[in-house]
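Reproduced below: protein10.tsv, with TSV, C-alpha atoms.
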```tsv
chain	number	residue	atom	x	y	z
A	1	MET	CA	0.00	0.00	0.00
A	2	ARG	CA	1.22	3.47	-0.81
A	3	HIS	CA	0.75	5.07	2.59
A	4	PHE	CA	0.27	8.62	1.35
A	5	GLY	CA	-1.64	7.80	-1.83
A	6	ALA	CA	-5.30	7.96	-2.78
A	7	ASP	CA	-5.94	4.41	-1.56
A	8	ASN	CA	-4.98	5.17	2.05
A	9	PRO	CA	-7.53	3.59	4.43
A	10	LEU	CA	-8.37	6.94	6.03
A	11	PHE	CA	-9.28	8.40	2.63
A	12	THR	CA	-11.28	5.30	1.77
A	13	LEU	CA	-13.19	5.58	5.05
A	14	ALA	CA	-13.91	9.26	4.35
A	15	ARG	CA	-15.56	8.25	1.07
A	16	SER	CA	-17.60	5.40	2.57
A	17	GLY	CA	-20.76	7.30	3.55
A	18	ARG	CA	-23.93	8.22	1.68
A	19	ARG	CA	-22.52	11.68	1.03
A	20	THR	CA	-19.11	13.32	1.09
A	21	THR	CA	-18.40	16.71	2.65
A	22	HIS	CA	-16.68	19.25	0.41
A	23	PRO	CA	-13.26	20.21	1.86
A	24	LEU	CA	-14.21	23.88	2.25
A	25	LEU	CA	-17.36	22.92	4.10
A	26	ALA	CA	-15.31	20.48	6.20
A	27	ILE	CA	-13.12	23.35	7.39
A	28	ALA	CA	-16.22	25.29	8.42
A	29	ILE	CA	-17.68	22.23	10.16
A	30	ALA	CA	-14.43	21.67	12.08
A	31	LEU	CA	-14.33	25.28	13.25
A	32	GLY	CA	-18.01	25.21	14.15
A	33	ALA	CA	-17.63	21.97	16.09
A	34	LEU	CA	-14.76	23.51	18.02
A	35	LEU	CA	-16.63	26.72	18.85
A	36	PHE	CA	-19.98	25.14	19.73
A	37	GLY	CA	-18.31	22.21	21.48
A	38	SER	CA	-16.27	24.55	23.65
A	39	ALA	CA	-19.41	26.54	24.48
A	40	ALA	CA	-21.27	23.34	25.36
A	41	GLY	CA	-18.39	22.34	27.59
A	42	GLU	CA	-18.59	25.64	29.43
A	43	VAL	CA	-22.32	25.14	29.97
A	44	LEU	CA	-21.78	21.64	31.33
A	45	LEU	CA	-19.07	22.85	33.68
A	46	SER	CA	-21.35	25.61	34.95
A	47	LEU	CA	-24.04	23.07	35.81
A	48	ILE	CA	-21.92	20.87	38.04
A	49	ALA	CA	-19.89	21.33	41.19
A	50	VAL	CA	-16.31	20.96	39.98
A	51	PRO	CA	-14.32	18.97	42.58
A	52	ALA	CA	-11.84	20.88	44.73
A	53	ASP	CA	-9.06	18.30	44.42
A	54	PRO	CA	-6.70	19.72	41.76
A	55	ALA	CA	-6.14	16.43	39.93
A	56	VAL	CA	-9.82	15.48	39.81
A	57	ARG	CA	-10.69	19.04	38.88
A	58	LEU	CA	-8.30	18.98	35.91
A	59	LEU	CA	-9.69	15.59	34.86
A	60	VAL	CA	-13.26	16.95	34.85
A	61	LEU	CA	-12.22	20.14	33.01
A	62	LEU	CA	-10.45	18.19	30.29
A	63	VAL	CA	-13.24	15.67	29.78
A	64	LEU	CA	-16.21	18.04	29.83
A	65	GLY	CA	-14.33	20.82	28.07
A	66	PHE	CA	-13.38	18.72	25.04
A	67	ALA	CA	-15.72	15.74	24.68
A	68	PRO	CA	-18.63	17.82	23.27
A	69	THR	CA	-16.49	18.80	20.28
A	70	ALA	CA	-15.85	15.15	19.43
A	71	ALA	CA	-19.57	14.46	19.82
A	72	LEU	CA	-20.47	17.23	17.35
A	73	VAL	CA	-18.01	15.89	14.78
A	74	TRP	CA	-19.54	12.44	15.11
A	75	LEU	CA	-23.08	13.86	14.76
A	76	TRP	CA	-22.11	15.47	11.45
A	77	VAL	CA	-20.37	12.36	10.17
A	78	ARG	CA	-23.26	10.15	11.21
A	79	GLY	CA	-26.13	12.45	10.34
A	80	PHE	CA	-24.96	14.08	7.11
A	81	GLU	CA	-22.37	11.71	5.65
A	82	GLY	CA	-24.03	8.53	6.91
A	83	ARG	CA	-20.96	6.77	8.26
A	84	GLY	CA	-20.05	5.49	11.69
A	85	TRP	CA	-17.57	6.33	14.44
A	86	SER	CA	-15.06	3.73	13.25
A	87	THR	CA	-14.70	5.55	9.92
A	88	LEU	CA	-12.97	8.40	11.75
A	89	GLY	CA	-9.98	6.07	12.04
A	90	PHE	CA	-11.02	3.82	14.92
A	91	THR	CA	-10.96	0.52	13.06
A	92	ARG	CA	-10.32	-2.70	14.98
A	93	ASP	CA	-7.20	-3.86	13.14
A	94	ARG	CA	-4.39	-4.03	15.77
A	95	ALA	CA	-6.02	-1.21	17.73
A	96	GLY	CA	-4.34	-2.20	20.99
A	97	TRP	CA	-0.86	-2.40	19.48
A	98	LYS	CA	-1.27	0.89	17.62
A	99	SER	CA	-2.44	2.59	20.82
A	100	LEU	CA	0.45	1.21	22.88
A	101	ARG	CA	3.01	2.13	20.24
A	102	GLY	CA	1.59	5.63	19.97
A	103	PHE	CA	1.69	6.15	23.73
A	104	LEU	CA	5.25	4.87	24.07
A	105	THR	CA	6.57	6.89	21.14
A	106	GLY	CA	4.84	10.01	22.47
A	107	LEU	CA	6.56	9.50	25.82
A	108	LEU	CA	9.87	8.90	24.05
A	109	ALA	CA	9.48	12.03	21.93
A	110	PHE	CA	8.87	14.34	24.86
A	111	GLY	CA	11.48	12.48	26.89
A	112	LEU	CA	14.00	13.42	24.18
A	113	VAL	CA	12.93	17.06	24.40
A	114	THR	CA	13.36	17.03	28.17
A	115	GLY	CA	16.66	15.18	27.89
A	116	LEU	CA	18.01	17.85	25.57
A	117	LEU	CA	17.00	20.63	27.95
A	118	VAL	CA	18.54	18.88	30.95
A	119	ALA	CA	21.74	18.04	29.05
A	120	LEU	CA	22.13	21.68	28.04
A	121	GLY	CA	21.50	22.83	31.61
A	122	TYR	CA	18.29	24.58	30.58
A	123	ALA	CA	15.97	22.60	32.88
A	124	ALA	CA	16.43	21.84	36.57
A	125	ARG	CA	14.35	20.08	39.18
A	126	GLU	CA	12.21	22.07	41.59
A	127	ASN	CA	12.21	21.09	45.27
A	128	VAL	CA	8.64	19.74	45.41
A	129	PRO	CA	7.14	16.35	46.39
A	130	GLU	CA	6.74	13.68	43.72
A	131	ALA	CA	3.10	13.20	42.76
A	132	PHE	CA	2.48	9.86	41.06
A	133	VAL	CA	-1.20	9.48	41.93
A	134	PRO	CA	-2.35	12.90	40.60
A	135	ALA	CA	-0.49	12.21	37.36
A	136	LEU	CA	-2.30	8.90	36.93
A	137	VAL	CA	-5.66	10.49	37.78
A	138	VAL	CA	-5.40	13.12	35.06
A	139	LEU	CA	-4.10	10.73	32.38
A	140	ALA	CA	-7.64	9.86	31.31
A	141	GLY	CA	-8.37	13.57	30.90
A	142	TRP	CA	-5.34	14.05	28.64
A	143	ILE	CA	-6.49	11.10	26.54
A	144	VAL	CA	-9.94	12.66	26.05
A	145	GLN	CA	-8.49	16.11	25.32
A	146	SER	CA	-5.89	14.87	22.85
A	147	SER	CA	-8.22	12.38	21.16
A	148	THR	CA	-10.82	15.10	20.64
A	149	GLU	CA	-8.30	17.29	18.82
A	150	GLU	CA	-7.19	14.30	16.74
A	151	VAL	CA	-10.78	13.39	15.83
A	152	LEU	CA	-11.36	16.97	14.73
A	153	VAL	CA	-8.26	17.52	12.59
A	154	ARG	CA	-6.82	14.09	11.73
A	155	GLY	CA	-9.91	11.89	11.93
A	156	PHE	CA	-12.38	14.17	10.13
A	157	LEU	CA	-10.75	17.14	8.38
A	158	MET	CA	-7.55	15.56	7.01
A	159	PRO	CA	-9.23	12.52	5.37
A	160	VAL	CA	-12.06	14.59	3.91
A	161	VAL	CA	-9.64	17.09	2.39
A	162	GLY	CA	-7.14	14.41	1.37
A	163	ALA	CA	-9.75	12.21	-0.30
A	164	ARG	CA	-10.66	15.09	-2.63
A	165	TRP	CA	-7.46	17.13	-2.95
A	166	GLY	CA	-4.67	14.69	-2.09
A	167	ALA	CA	-2.54	13.81	0.93
A	168	VAL	CA	-0.37	16.93	0.81
A	169	ALA	CA	-3.43	19.18	1.03
A	170	GLY	CA	-5.00	17.01	3.72
A	171	VAL	CA	-1.93	17.04	5.95
A	172	GLY	CA	-1.26	20.72	5.27
A	173	VAL	CA	-4.77	22.00	5.96
A	174	SER	CA	-5.14	19.91	9.11
A	175	ALA	CA	-1.72	21.01	10.39
A	176	LEU	CA	-2.56	24.68	9.85
A	177	LEU	CA	-5.91	24.32	11.62
A	178	PHE	CA	-4.20	22.49	14.48
A	179	ALA	CA	-1.79	25.42	14.88
A	180	LEU	CA	-4.71	27.86	14.71
A	181	LEU	CA	-6.46	26.05	17.58
A	182	HIS	CA	-3.54	26.96	19.85
A	183	GLY	CA	-2.63	30.29	18.28
A	184	LEU	CA	-4.24	32.43	20.99
A	185	ASN	CA	-2.79	30.51	23.94
A	186	PRO	CA	-0.69	32.40	26.50
A	187	GLY	CA	2.97	32.81	25.62
A	188	VAL	CA	2.58	31.97	21.94
A	189	THR	CA	5.52	32.97	19.71
A	190	PRO	CA	6.34	32.58	16.00
A	191	LEU	CA	8.54	29.58	16.82
A	192	SER	CA	5.79	27.93	18.86
A	193	VAL	CA	3.43	28.31	15.89
A	194	VAL	CA	6.06	26.69	13.64
A	195	ASN	CA	6.33	23.82	16.11
A	196	LEU	CA	2.56	23.41	16.25
A	197	VAL	CA	2.51	23.11	12.47
A	198	LEU	CA	5.31	20.54	12.73
A	199	VAL	CA	3.30	18.55	15.27
A	200	GLY	CA	0.38	18.63	12.85
A	201	VAL	CA	2.54	17.43	9.96
A	202	LEU	CA	4.12	14.68	12.07
A	203	LEU	CA	0.78	13.38	13.37
A	204	GLY	CA	-0.85	13.69	9.95
A	205	LEU	CA	1.87	11.56	8.37
A	206	TYR	CA	1.75	9.15	11.30
A	207	ALA	CA	-2.02	8.69	10.95
A	208	LEU	CA	-1.69	8.06	7.21
A	209	TYR	CA	1.18	5.64	7.82
A	210	GLU	CA	-0.96	3.57	10.20
A	211	GLY	CA	-4.19	4.11	8.31
A	212	ALA	CA	-5.88	4.70	11.67
A	213	LEU	CA	-6.23	7.22	14.49
A	214	TRP	CA	-5.32	5.09	17.53
A	215	GLY	CA	-1.61	5.83	17.41
A	216	VAL	CA	-1.82	9.60	17.03
A	217	CYS	CA	-4.46	9.91	19.76
A	218	LEU	CA	-2.22	8.16	22.26
A	219	TRP	CA	0.97	9.85	20.99
A	220	HIS	CA	-0.67	13.24	21.52
A	221	ALA	CA	-1.98	12.24	24.95
A	222	ALA	CA	1.41	10.93	26.08
A	223	TRP	CA	3.17	14.09	24.84
A	224	ASN	CA	0.79	16.37	26.76
A	225	TRP	CA	0.74	14.13	29.83
A	226	ALA	CA	4.53	13.94	30.00
A	227	GLN	CA	4.82	17.67	29.47
A	228	GLY	CA	2.34	18.77	32.11
A	229	SER	CA	1.88	15.88	34.54
A	230	VAL	CA	5.22	14.07	34.50
A	231	PHE	CA	7.71	16.93	34.14
A	232	GLY	CA	5.59	19.88	35.27
A	233	PHE	CA	6.00	22.18	32.27
A	234	GLU	CA	3.33	24.41	30.73
A	235	VAL	CA	1.27	22.68	28.04
A	236	SER	CA	0.85	24.99	25.05
A	237	GLY	CA	1.07	27.94	27.42
A	238	GLN	CA	-1.38	26.50	29.93
A	239	THR	CA	-0.45	25.65	33.52
A	240	THR	CA	-2.10	22.48	34.84
A	241	GLY	CA	-2.25	23.55	38.49
A	242	VAL	CA	-1.49	19.95	39.53
A	243	LEU	CA	1.70	18.61	41.09
A	244	SER	CA	3.77	16.53	38.68
A	245	VAL	CA	5.94	13.46	39.11
A	246	VAL	CA	9.21	15.33	38.49
A	247	ASP	CA	8.71	19.09	38.58
A	248	LEU	CA	11.21	20.84	36.30
A	249	ARG	CA	11.72	24.53	35.70
A	250	GLU	CA	13.12	26.11	32.57
A	251	GLN	CA	16.18	28.30	33.07
A	252	GLY	CA	17.67	28.88	29.64
A	253	PRO	CA	16.98	31.07	26.61
A	254	ASP	CA	13.33	31.08	25.58
A	255	VAL	CA	14.21	30.25	21.98
A	256	VAL	CA	15.45	26.85	23.18
A	257	THR	CA	13.19	26.18	26.18
A	258	GLY	CA	9.96	27.68	24.79
A	259	GLY	CA	9.61	30.18	27.62
A	260	ALA	CA	6.08	30.77	28.88
A	261	PHE	CA	4.60	28.55	26.15
A	262	GLY	CA	6.42	25.50	27.47
A	263	PRO	CA	9.05	23.32	25.80
A	264	GLU	CA	6.96	22.65	22.70
A	265	GLY	CA	7.58	26.30	21.82
A	266	GLY	CA	11.38	25.97	21.70
A	267	LEU	CA	14.13	24.67	19.44
A	268	ALA	CA	14.51	21.50	21.49
A	269	SER	CA	11.05	20.46	20.35
A	270	THR	CA	11.74	21.62	16.79
A	271	LEU	CA	14.64	19.18	16.52
A	272	VAL	CA	12.68	16.27	17.96
A	273	LEU	CA	9.65	16.94	15.76
A	274	LEU	CA	11.78	17.15	12.62
A	275	LEU	CA	13.37	13.86	13.63
A	276	GLY	CA	9.90	12.37	14.04
A	277	VAL	CA	8.81	13.52	10.57
A	278	ALA	CA	11.96	11.97	9.08
A	279	VAL	CA	11.36	8.67	10.88
A	280	VAL	CA	7.77	8.38	9.63
A	281	VAL	CA	8.72	9.27	6.05
A	282	LEU	CA	11.58	6.75	6.04
A	283	ALA	CA	9.32	4.08	7.53
A	284	ALA	CA	6.72	4.75	4.83
A	285	ARG	CA	9.33	4.47	2.08
A	286	ARG	CA	10.61	1.20	3.49
A	287	THR	CA	7.20	-0.44	3.90
A	288	GLY	CA	5.21	0.74	0.92
A	289	GLY	CA	6.45	3.79	-0.85
A	290	ILE	CA	5.16	7.34	-1.02
A	291	SER	CA	2.67	8.65	-3.51
A	292	PRO	CA	0.94	11.98	-2.77
A	293	GLY	CA	-1.27	11.61	-5.84
A	294	ARG	CA	-4.80	12.89	-5.97
A	295	ARG	CA	-7.82	10.66	-6.26
A	296	ARG	CA	-9.66	10.77	-9.53
A	297	PRO	CA	-13.17	12.15	-9.11
A	298	ALA	CA	-15.38	9.10	-8.76
A	299	SER	CA	-18.38	10.20	-6.75
A	300	PRO	CA	-21.38	11.69	-8.51
A	301	PRO	CA	-21.64	15.44	-7.99
A	302	ASP	CA	-24.92	15.12	-6.08
A	303	ARG	CA	-23.19	13.17	-3.30
A	304	SER	CA	-21.01	16.13	-2.31
A	305	ALA	CA	-21.93	19.15	-0.28
```
Full structure transcribed into structure tokens:
Amino acid sequence: MRHFGADNPLFTLARSGRRTTHPLLAIAIALGALLFGSAAGEVLLSLIAVPADPAVRLLVLLVLGFAPTAALVWLWVRGFEGRGWSTLGFTRDRAGWKSLRGFLTGLLAFGLVTGLLVALGYAARENVPEAFVPALVVLAGWIVQSSTEEVLVRGFLMPVVGARWGAVAGVGVSALLFALLHGLNPGVTPLSVVNLVLVGVLLGLYALYEGALWGVCLWHAAWNWAQGSVFGFEVSGQTTGVLSVVDLREQGPDVVTGGAFGPEGGLASTLVLLLGVAVVVLAARRTGGISPGRRRPASPPDRSA
């Protein structure tokens, strides 16, 4: 199989419904799902008593704040396109292995970022207690948060765009939207935006390589979890407010450490993300070749909207 060609399983799944969504409409649907989903999350949070325990509180905020967006995407896919949840990339084939591999490689990736910072003397340990239990409590929240973003941009938008306009457009559009989602976060810089685009490219290629979403969901979750709950850094400019397993502080130049945005806004992350892109591309070449070709129009015009 040519991983990045028109016959990629994610593109095939995107064409499997009664109707197909036009790529321009898909962008609008993704933005609308994000806006209305976030608003629905705020309403849900206002209706409940959020627990006082910091770890449980973060878990509830992540789950209720993000899950409505995933639900809205599924409602569109099910109601308009006429296809099921599994067609967003959650097929059964080796789902457990893909999830485990994604989680472990996400941990490894951010571990490399942290290792670079420590080796350069740009990160040092704070004198705070180790907090294993809170980190485990909030892991489920990171999985929901990260999986929601992946459903939105790599499960829905990228395959819909890629099935019509080709893999390059699918990965590119989804990566740009992914960066836009975080573009107003505290501490954002031009370099952090570049890194967000790189994350989007890496995860887009990874999803196409696997032909599924399991790996990227767990990679993303492990990256965020390690960043905020294991090492105690800011996550895309956001402070978790929960004690971490090993609390590190940045103490070097912002261009390397990421400054207030956290390490994913610095050159250490840039290097690791570029390495990740290279690894996925080389793996795709070795196991099936690369073909960014566009699909020939096959669906009748009245199936598109």
Any idea what the distance is between atom CA of Gly211 of chain A and atom CA of Pro68 of chain A?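 Atom-to-atom, atom CA of Gly211 of chain A and atom CA of Pro68 of chain A are spaced 24.9 Å apart.
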Selected residue of minimal separation from Val246 of chain A among A:Leu34, A:Ala124, A:Leu191, A:Ala221, counting all atoms listed in the file: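 Nearest candidate to Val246 of chain A out of A:Leu34, A:Ala124, A:Leu191, A:Ala221: A:Ala124.
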Counting only C-alpha atoms, figure out which residue out of A:Val255, A:Ala207, A:Val235, A:Val137 gets nearest to Arg57 of chain A. A:Val137
Pull the neighbourhood of (-8.9, 12.5, 31.2) for me: all residues within 9 Å in file coordinates, counting all atoms listed in the file, as a JSON list (two decimals) with C-alpha atoms, in the coordinates of the input.
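New file out-v1.json:
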```json
[["chain", "number", "residue", "atom", "x", "y", "z"],
["A", 58, "LEU", "CA", -8.30, 18.98, 35.91],
["A", 59, "LEU", "CA", -9.69, 15.59, 34.86],
["A", 60, "VAL", "CA", -13.26, 16.95, 34.85],
["A", 61, "LEU", "CA", -12.22, 20.14, 33.01],
["A", 62, "LEU", "CA", -10.45, 18.19, 30.29],
["A", 63, "VAL", "CA", -13.24, 15.67, 29.78],
["A", 137, "VAL", "CA", -5.66, 10.49, 37.78],
["A", 138, "VAL", "CA", -5.40, 13.12, 35.06],
["A", 139, "LEU", "CA", -4.10, 10.73, 32.38],
["A", 140, "ALA", "CA", -7.64, 9.86, 31.31],
["A", 141, "GLY", "CA", -8.37, 13.57, 30.90],
["A", 142, "TRP", "CA", -5.34, 14.05, 28.64],
["A", 143, "ILE", "CA", -6.49, 11.10, 26.54],
["A", 144, "VAL", "CA", -9.94, 12.66, 26.05],
["A", 145, "GLN", "CA", -8.49, 16.11, 25.32]]
```
Atomic separation - atom CA of Gln227 of chain A relative to atom CA of Val113 of chain A, Å: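 If I compute the distance from atom CA of Val113 of chain A to atom CA of Gln227 of chain A, I get 9.6 Å.
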For a test of reading the model, state the distance in Å between atom CA of Ala40 of chain A and atom CA of Ala70 of chain A, rounded to one decimal. 11.5 Å
In the coordinate frame of the file, compute which residues have an atom within 8 Å of (14.6, 21.4, 20.0) when using all atoms listed in the file, and state them as an NGL selection string. :A and (113 or 116 or 256-257 or 266-273)
With 8 Å on each side, where is the centre of the axis-aligned box around all listed atoms of segment 211-223 of chain A, and how long are its edges in Å to one decimal, as JSON?
```
{"center_x": -1.5, "center_y": 9.1, "center_z": 17.2, "size_x": 25.4, "size_y": 26.0, "size_z": 33.8}
```
Neighbour list for Gly84 of chain A as a PyMOL selection string, cut-off 10 Å, all atoms listed in the file, skip fewer than 4 positions in-chain: chain A and resi 13+16-17+74-75+77-79+88+90
Nearest residue to Ala30 of chain A out of A:Gly187, A:Pro253, A:Gly215, A:Gly155, using only C-alpha atoms?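 Among the listed residues, A:Gly155 lies closest to Ala30 of chain A.
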Which residues are near Leu202 of chain A? Cut-off 10 Å, all atoms listed in the file, ignore same chain within fewer than 3 positions. Put them as a compact mmCIF listing (two decimals) with C-alpha atoms, in the frame of the given file.
```txt
# COMPACT_ATOMS: atom_id res chain seq x y z
CA VAL A 171 -1.93 17.04 5.95
CA ALA A 175 -1.72 21.01 10.39
CA LEU A 196 2.56 23.41 16.25
CA VAL A 197 2.51 23.11 12.47
CA LEU A 198 5.31 20.54 12.73
CA VAL A 199 3.30 18.55 15.27
CA LEU A 205 1.87 11.56 8.37
CA TYR A 206 1.75 9.15 11.30
CA ALA A 207 -2.02 8.69 10.95
CA VAL A 216 -1.82 9.60 17.03
CA LEU A 273 9.65 16.94 15.76
CA LEU A 274 11.78 17.15 12.62
CA LEU A 275 13.37 13.86 13.63
CA GLY A 276 9.90 12.37 14.04
CA VAL A 277 8.81 13.52 10.57
CA ALA A 278 11.96 11.97 9.08
CA VAL A 279 11.36 8.67 10.88
CA VAL A 280 7.77 8.38 9.63
CA VAL A 281 8.72 9.27 6.05
```
